[in-house]
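Worksheet: the structure to be examined is printed underneath.
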Amino acid sequence: MNISISNFFKGDKVIWMIFFFLCVISLIEVFSSSSTLTFNKANYWGPILKHGAILAAGIVIMVIVQNIDCKYFKVATIFLLIFSVVSLLWVLLAGQTTNGAQRWMSVLGIQFQPSEIAKGTIVLAVAQILSAMQTEEGTEEKTFKYVLTIAVPLMFLIMLENLSTAILIGMVVVGMMFYGRVALKKIGRLIGFVTLVGVVFLVLVLAFGKEKEEETDGKNVLTEQTEKSEKQEENAIDKIFHRAGTWKKRILQFVNNEEVPPEQFKLRDDSQVGYSNIAIASSEFTGKGPGNSETRDLLPQAFSDFIYAIIIEELGIFGGVFVMFLYIFLLWRAGRIADRCANNFPAFLVMGIALLLVCQAMFNMMVAVGLAPVTGQPLPLISKGGTSTIINCIYIGVILSVSISAKKKDSRRRQKEVAVTAK
């Protein structure tokens, strides 16, 4: 049996290169920004070895997924939908709480966020609906209703504990409908309706949200003081919408444009934004070099939600721009792969996944540089993570799988063209 590196690294080589650069940056910056973890656990190599092992496991799973024919992804849709609904409901009722958010559940000792699986499930289901409803003029009339019927209930369940993720997947669904040729007037009406609902929701959050004091513990991890609320009896409504206070505080912090002198800025009250700004401002374009960050010990979630600030501090503005363009290039390359697909389903699927990864990356980077309120979205394939890293590797595996089938179609097409020319 002939086994070679080319058999292992199948699929689009550009996607592989982008993935390789993201993994290298991840290993360097997670190792640099995990100093608080190494100190608290008294294990210098522990955090990076664990992160490296997770990345290695993700690569193995990615290679397995890339060898699965795209048509089999359709079979998984119904099972993933059932699992997503059940797990999201379970999280609301009995999920594990971390940093004030009840988003996690544990199966066989493995802790994960069901919303991470639900994101990909929505993309998979929407791609299947769009592909099945295509006509020569666009999509059928009922496509819009079918997409919303699947996406909206799942997004609502996600929103109750993770508003930013619900907004993210909503943007991806709209992008997929646009690419899938859904009538523009319907997309426009949807955007208008969502904008109206968003304004009403914002007013309600600002009017009734109860701000909770946030502070950092000895590990420099942002936590919410929930002891008082745990002692008080809460009704079902209060329990479900307990995140409204956090949303209100983050919105107010973001819209407050009042300039505060450095000596009066309260880092204790807003340490994430404060130390993120310090990290970026002190980079001086060229950066301080890998491993030379001065804010990593002070910035909460430096290895996760705010790792982009550490990247800019150590690699400079040019390093930050390079990372941004890696994601943009990923989206562009996914578009090239989608254009080569002979069938609609793989084209919609690869574009949906690419939009999901790139939009999340843009969310994270905008938060780090102060262009969006704090959301808690990690930087895909770079931030330190567990199951989220594995799931992102699966997404890349799906893109590679589609690129393999698209390459085969291109080869067959060229062979036919050569045969016709020869005649």
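Naming scheme: A, B, ... for chains in displayed order of the structure tokens; residues 1 onward per chain; ligands 1 onward as shown.
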Excluding Ile328 (chain A) and its own-chain neighbours fewer than 3 positions away, which residues fall within 12 Å of it when counting only C-alpha atoms? Please give them as a PDB file with N, CA and C atoms, in the first residue's frame.
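The resulting out.pdb:
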```pdb
ATOM      1  N   ILE A  15      -5.996  25.954   1.960  1.00  0.00           N
ATOM      2  CA  ILE A  15      -6.687  25.803   3.246  1.00  0.00           C
ATOM      3  C   ILE A  15      -5.748  25.170   4.268  1.00  0.00           C
ATOM      4  N   ILE A  18      -3.296  27.878   5.442  1.00  0.00           N
ATOM      5  CA  ILE A  18      -3.934  28.805   6.380  1.00  0.00           C
ATOM      6  C   ILE A  18      -4.085  28.144   7.744  1.00  0.00           C
ATOM      7  N   VAL A 321      -2.519  42.387  11.594  1.00  0.00           N
ATOM      8  CA  VAL A 321      -3.099  42.456  10.243  1.00  0.00           C
ATOM      9  C   VAL A 321      -2.921  41.123   9.511  1.00  0.00           C
ATOM     10  N   PHE A 322      -1.763  40.482   9.707  1.00  0.00           N
ATOM     11  CA  PHE A 322      -1.515  39.183   9.071  1.00  0.00           C
ATOM     12  C   PHE A 322      -2.537  38.147   9.528  1.00  0.00           C
ATOM     13  N   VAL A 323      -2.828  38.110  10.832  1.00  0.00           N
ATOM     14  CA  VAL A 323      -3.827  37.176  11.353  1.00  0.00           C
ATOM     15  C   VAL A 323      -5.198  37.479  10.769  1.00  0.00           C
ATOM     16  N   MET A 324      -5.548  38.758  10.696  1.00  0.00           N
ATOM     17  CA  MET A 324      -6.843  39.141  10.131  1.00  0.00           C
ATOM     18  C   MET A 324      -6.968  38.678   8.687  1.00  0.00           C
ATOM     19  N   PHE A 325      -5.899  38.857   7.902  1.00  0.00           N
ATOM     20  CA  PHE A 325      -5.947  38.473   6.496  1.00  0.00           C
ATOM     21  C   PHE A 325      -5.966  36.955   6.316  1.00  0.00           C
ATOM     22  N   LEU A 331     -11.988  32.812   3.892  1.00  0.00           N
ATOM     23  CA  LEU A 331     -13.305  33.021   3.304  1.00  0.00           C
ATOM     24  C   LEU A 331     -13.219  33.086   1.789  1.00  0.00           C
ATOM     25  N   TRP A 332     -12.215  33.802   1.274  1.00  0.00           N
ATOM     26  CA  TRP A 332     -12.050  33.905  -0.176  1.00  0.00           C
ATOM     27  C   TRP A 332     -11.790  32.534  -0.796  1.00  0.00           C
ATOM     28  N   ARG A 333     -10.940  31.750  -0.148  1.00  0.00           N
ATOM     29  CA  ARG A 333     -10.631  30.424  -0.696  1.00  0.00           C
ATOM     30  C   ARG A 333     -11.843  29.506  -0.635  1.00  0.00           C
ATOM     31  N   ALA A 334     -12.624  29.621   0.427  1.00  0.00           N
ATOM     32  CA  ALA A 334     -13.854  28.832   0.522  1.00  0.00           C
ATOM     33  C   ALA A 334     -14.809  29.194  -0.613  1.00  0.00           C
ATOM     34  N   GLY A 335     -14.848  30.479  -0.957  1.00  0.00           N
ATOM     35  CA  GLY A 335     -15.680  30.899  -2.085  1.00  0.00           C
ATOM     36  C   GLY A 335     -15.215  30.281  -3.389  1.00  0.00           C
ATOM     37  N   ALA A 354     -17.355  28.635   6.422  1.00  0.00           N
ATOM     38  CA  ALA A 354     -16.357  29.699   6.315  1.00  0.00           C
ATOM     39  C   ALA A 354     -16.880  31.002   6.919  1.00  0.00           C
ATOM     40  N   LEU A 355     -18.128  31.345   6.635  1.00  0.00           N
ATOM     41  CA  LEU A 355     -18.733  32.545   7.224  1.00  0.00           C
ATOM     42  C   LEU A 355     -18.766  32.449   8.740  1.00  0.00           C
ATOM     43  N   LEU A 356     -19.076  31.258   9.246  1.00  0.00           N
ATOM     44  CA  LEU A 356     -19.138  31.056  10.694  1.00  0.00           C
ATOM     45  C   LEU A 356     -17.782  31.310  11.349  1.00  0.00           C
ATOM     46  N   LEU A 357     -16.724  30.738  10.782  1.00  0.00           N
ATOM     47  CA  LEU A 357     -15.387  30.904  11.341  1.00  0.00           C
ATOM     48  C   LEU A 357     -14.904  32.348  11.229  1.00  0.00           C
ATOM     49  N   VAL A 358     -15.111  32.951  10.073  1.00  0.00           N
ATOM     50  CA  VAL A 358     -14.582  34.293   9.833  1.00  0.00           C
ATOM     51  C   VAL A 358     -15.366  35.341  10.625  1.00  0.00           C
ATOM     52  N   CYS A 359     -16.689  35.217  10.685  1.00  0.00           N
ATOM     53  CA  CYS A 359     -17.476  36.176  11.465  1.00  0.00           C
ATOM     54  C   CYS A 359     -17.113  36.106  12.943  1.00  0.00           C
ATOM     55  N   GLN A 360     -16.906  34.898  13.456  1.00  0.00           N
ATOM     56  CA  GLN A 360     -16.507  34.770  14.861  1.00  0.00           C
ATOM     57  C   GLN A 360     -15.142  35.400  15.088  1.00  0.00           C
ATOM     58  N   ALA A 361     -14.229  35.191  14.146  1.00  0.00           N
ATOM     59  CA  ALA A 361     -12.897  35.798  14.270  1.00  0.00           C
ATOM     60  C   ALA A 361     -12.997  37.321  14.274  1.00  0.00           C
ATOM     61  N   MET A 362     -13.842  37.865  13.396  1.00  0.00           N
ATOM     62  CA  MET A 362     -13.994  39.317  13.338  1.00  0.00           C
ATOM     63  C   MET A 362     -14.620  39.856  14.629  1.00  0.00           C
TER      64      MET A 362
END
```
Check: What's the 8 Å shell around Val63 (chain A), counting only C-alpha atoms, without same-chain residues fewer than 3 positions away, as JSON, numbers by chain?
Finding: {"A": [8, 9, 59, 60, 66, 67, 397]}
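Among A:Phe73, A:Tyr44, A:Phe306, A:Phe201, the residue with the shortest atom-to-atom distance to Ile394 (chain A), counting only C-alpha atoms, is A:Phe73.
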Margin query: I need the strand (DSSP E or B) residues of region 63-221 of chain A per DSSP on the backbone, written as a VMD selection string.
Written below: chain A and resid 96 to 98 101 to 107 110 to 112 134 139 214 to 216
Would you save the residues of that selection, restricted to N, CA, C and O atoms, as a PDB file, in the first residue's frame?
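See result-v8.pdb below for the written result:
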```pdb
ATOM      1  N   GLN A  96     -23.847  23.434  33.704  1.00  0.00           N
ATOM      2  CA  GLN A  96     -22.776  23.845  34.601  1.00  0.00           C
ATOM      3  C   GLN A  96     -22.436  25.316  34.344  1.00  0.00           C
ATOM      4  O   GLN A  96     -22.380  25.752  33.194  1.00  0.00           O
ATOM      5  N   THR A  97     -22.197  26.051  35.421  1.00  0.00           N
ATOM      6  CA  THR A  97     -21.955  27.495  35.328  1.00  0.00           C
ATOM      7  C   THR A  97     -20.472  27.801  35.454  1.00  0.00           C
ATOM      8  O   THR A  97     -19.796  27.291  36.346  1.00  0.00           O
ATOM      9  N   THR A  98     -19.974  28.639  34.534  1.00  0.00           N
ATOM     10  CA  THR A  98     -18.599  29.128  34.579  1.00  0.00           C
ATOM     11  C   THR A  98     -18.612  30.606  34.226  1.00  0.00           C
ATOM     12  O   THR A  98     -19.221  31.004  33.240  1.00  0.00           O
ATOM     13  N   ALA A 101     -22.046  32.270  33.520  1.00  0.00           N
ATOM     14  CA  ALA A 101     -22.859  31.840  32.389  1.00  0.00           C
ATOM     15  C   ALA A 101     -23.081  30.334  32.462  1.00  0.00           C
ATOM     16  O   ALA A 101     -22.138  29.559  32.608  1.00  0.00           O
ATOM     17  N   GLN A 102     -24.345  29.945  32.355  1.00  0.00           N
ATOM     18  CA  GLN A 102     -24.712  28.530  32.440  1.00  0.00           C
ATOM     19  C   GLN A 102     -24.756  27.950  31.032  1.00  0.00           C
ATOM     20  O   GLN A 102     -25.816  27.767  30.440  1.00  0.00           O
ATOM     21  N   ARG A 103     -23.571  27.647  30.457  1.00  0.00           N
ATOM     22  CA  ARG A 103     -23.467  27.248  29.054  1.00  0.00           C
ATOM     23  C   ARG A 103     -22.910  25.845  28.862  1.00  0.00           C
ATOM     24  O   ARG A 103     -22.888  25.350  27.750  1.00  0.00           O
ATOM     25  N   TRP A 104     -22.463  25.195  29.906  1.00  0.00           N
ATOM     26  CA  TRP A 104     -21.705  23.963  29.750  1.00  0.00           C
ATOM     27  C   TRP A 104     -22.496  22.747  30.218  1.00  0.00           C
ATOM     28  O   TRP A 104     -23.326  22.824  31.128  1.00  0.00           O
ATOM     29  N   MET A 105     -22.208  21.611  29.616  1.00  0.00           N
ATOM     30  CA  MET A 105     -22.696  20.333  30.102  1.00  0.00           C
ATOM     31  C   MET A 105     -21.564  19.323  29.977  1.00  0.00           C
ATOM     32  O   MET A 105     -20.604  19.534  29.230  1.00  0.00           O
ATOM     33  N   SER A 106     -21.665  18.254  30.729  1.00  0.00           N
ATOM     34  CA  SER A 106     -20.599  17.261  30.763  1.00  0.00           C
ATOM     35  C   SER A 106     -21.148  15.889  30.405  1.00  0.00           C
ATOM     36  O   SER A 106     -22.184  15.474  30.934  1.00  0.00           O
ATOM     37  N   VAL A 107     -20.460  15.209  29.488  1.00  0.00           N
ATOM     38  CA  VAL A 107     -20.812  13.857  29.082  1.00  0.00           C
ATOM     39  C   VAL A 107     -19.569  12.991  29.177  1.00  0.00           C
ATOM     40  O   VAL A 107     -18.557  13.286  28.533  1.00  0.00           O
ATOM     41  N   ILE A 110     -16.388  14.772  29.777  1.00  0.00           N
ATOM     42  CA  ILE A 110     -15.977  15.765  28.789  1.00  0.00           C
ATOM     43  C   ILE A 110     -16.936  16.949  28.853  1.00  0.00           C
ATOM     44  O   ILE A 110     -18.137  16.803  28.613  1.00  0.00           O
ATOM     45  N   GLN A 111     -16.409  18.120  29.179  1.00  0.00           N
ATOM     46  CA  GLN A 111     -17.229  19.329  29.292  1.00  0.00           C
ATOM     47  C   GLN A 111     -17.228  20.085  27.970  1.00  0.00           C
ATOM     48  O   GLN A 111     -16.177  20.263  27.345  1.00  0.00           O
ATOM     49  N   PHE A 112     -18.396  20.510  27.521  1.00  0.00           N
ATOM     50  CA  PHE A 112     -18.486  21.247  26.269  1.00  0.00           C
ATOM     51  C   PHE A 112     -19.702  22.157  26.292  1.00  0.00           C
ATOM     52  O   PHE A 112     -20.594  22.031  27.146  1.00  0.00           O
ATOM     53  N   GLN A 134     -33.657  24.947  -4.638  1.00  0.00           N
ATOM     54  CA  GLN A 134     -33.152  25.785  -5.719  1.00  0.00           C
ATOM     55  C   GLN A 134     -33.953  25.603  -7.013  1.00  0.00           C
ATOM     56  O   GLN A 134     -34.387  24.505  -7.347  1.00  0.00           O
ATOM     57  N   THR A 139     -34.552  30.572  -5.253  1.00  0.00           N
ATOM     58  CA  THR A 139     -35.112  29.528  -4.398  1.00  0.00           C
ATOM     59  C   THR A 139     -36.637  29.556  -4.459  1.00  0.00           C
ATOM     60  O   THR A 139     -37.242  30.553  -4.855  1.00  0.00           O
ATOM     61  N   GLU A 214     -18.637  43.005  38.750  1.00  0.00           N
ATOM     62  CA  GLU A 214     -17.658  42.059  38.222  1.00  0.00           C
ATOM     63  C   GLU A 214     -16.290  42.393  38.796  1.00  0.00           C
ATOM     64  O   GLU A 214     -15.940  43.559  38.960  1.00  0.00           O
ATOM     65  N   GLU A 215     -15.524  41.361  39.095  1.00  0.00           N
ATOM     66  CA  GLU A 215     -14.173  41.580  39.574  1.00  0.00           C
ATOM     67  C   GLU A 215     -13.325  40.402  39.181  1.00  0.00           C
ATOM     68  O   GLU A 215     -13.831  39.348  38.828  1.00  0.00           O
ATOM     69  N   THR A 216     -12.037  40.547  39.251  1.00  0.00           N
ATOM     70  CA  THR A 216     -11.128  39.469  38.905  1.00  0.00           C
ATOM     71  C   THR A 216     -10.623  38.811  40.169  1.00  0.00           C
ATOM     72  O   THR A 216     -10.376  39.461  41.177  1.00  0.00           O
TER      73      THR A 216
END
```
Item checked: Residues near Ile390 (chain A), cut-off 8 Å, only C-alpha atoms, skip fewer than 5 positions along chain, as a list in words ->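 Result of the neighbour search: Ile54, Leu55, Ala57, Gly58 and Ile61 of chain A.
Between Ala302 (chain A) and the candidates A:Ser401, A:Thr286, A:Ser34, A:Asn344, the tightest atom-to-atom separation, counting only C-alpha atoms, involves A:Ser34.
The residue set within 9 Å of region 182-186 of chain A, counting only C-alpha atoms and dropping same-chain residues fewer than 4 places from it, reads Leu130, Gly138, Thr139, Glu140, Glu141, Thr143, Phe144, Met176, Met177, Phe178, Leu190 and Ile191 of chain A.
Taking CA of Thr38 (chain A) as the reference point, CA of Ile278 (chain A) is found at 22.7 Å.
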Note to self: Here is a test: counting only C-alpha atoms, which residue of A:Ile122, A:Leu400, A:Ile48, A:Val152 is nearest to Ser33 (chain A)?
What the structure shows: A:Ile48
Next item on the list: List every residue of region 120-188 of chain A that DSSP, applied to the backbone of this structure, assigns to alpha helix (DSSP H), and report them as a PyMOL selection string.
Entry: chain A and resi 120-132+143-159+163-179+184-188
Next item on the list: Point out the residue among A:Phe363, A:Phe79, A:Phe31, A:Phe303 with the least atom-to-atom distance to Gly291 (chain A), counting only C-alpha atoms.
Entry: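 For Gly291 (chain A), the nearest of the given residues is A:Phe31.
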Next item on the list: In Å, rounded to a single decimal, give me how far CA of Ser115 (chain A) is from CA of Thr149 (chain A).
Entry: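 Result for CA of Thr149 (chain A) versus CA of Ser115 (chain A): 17.7 Å, one decimal.
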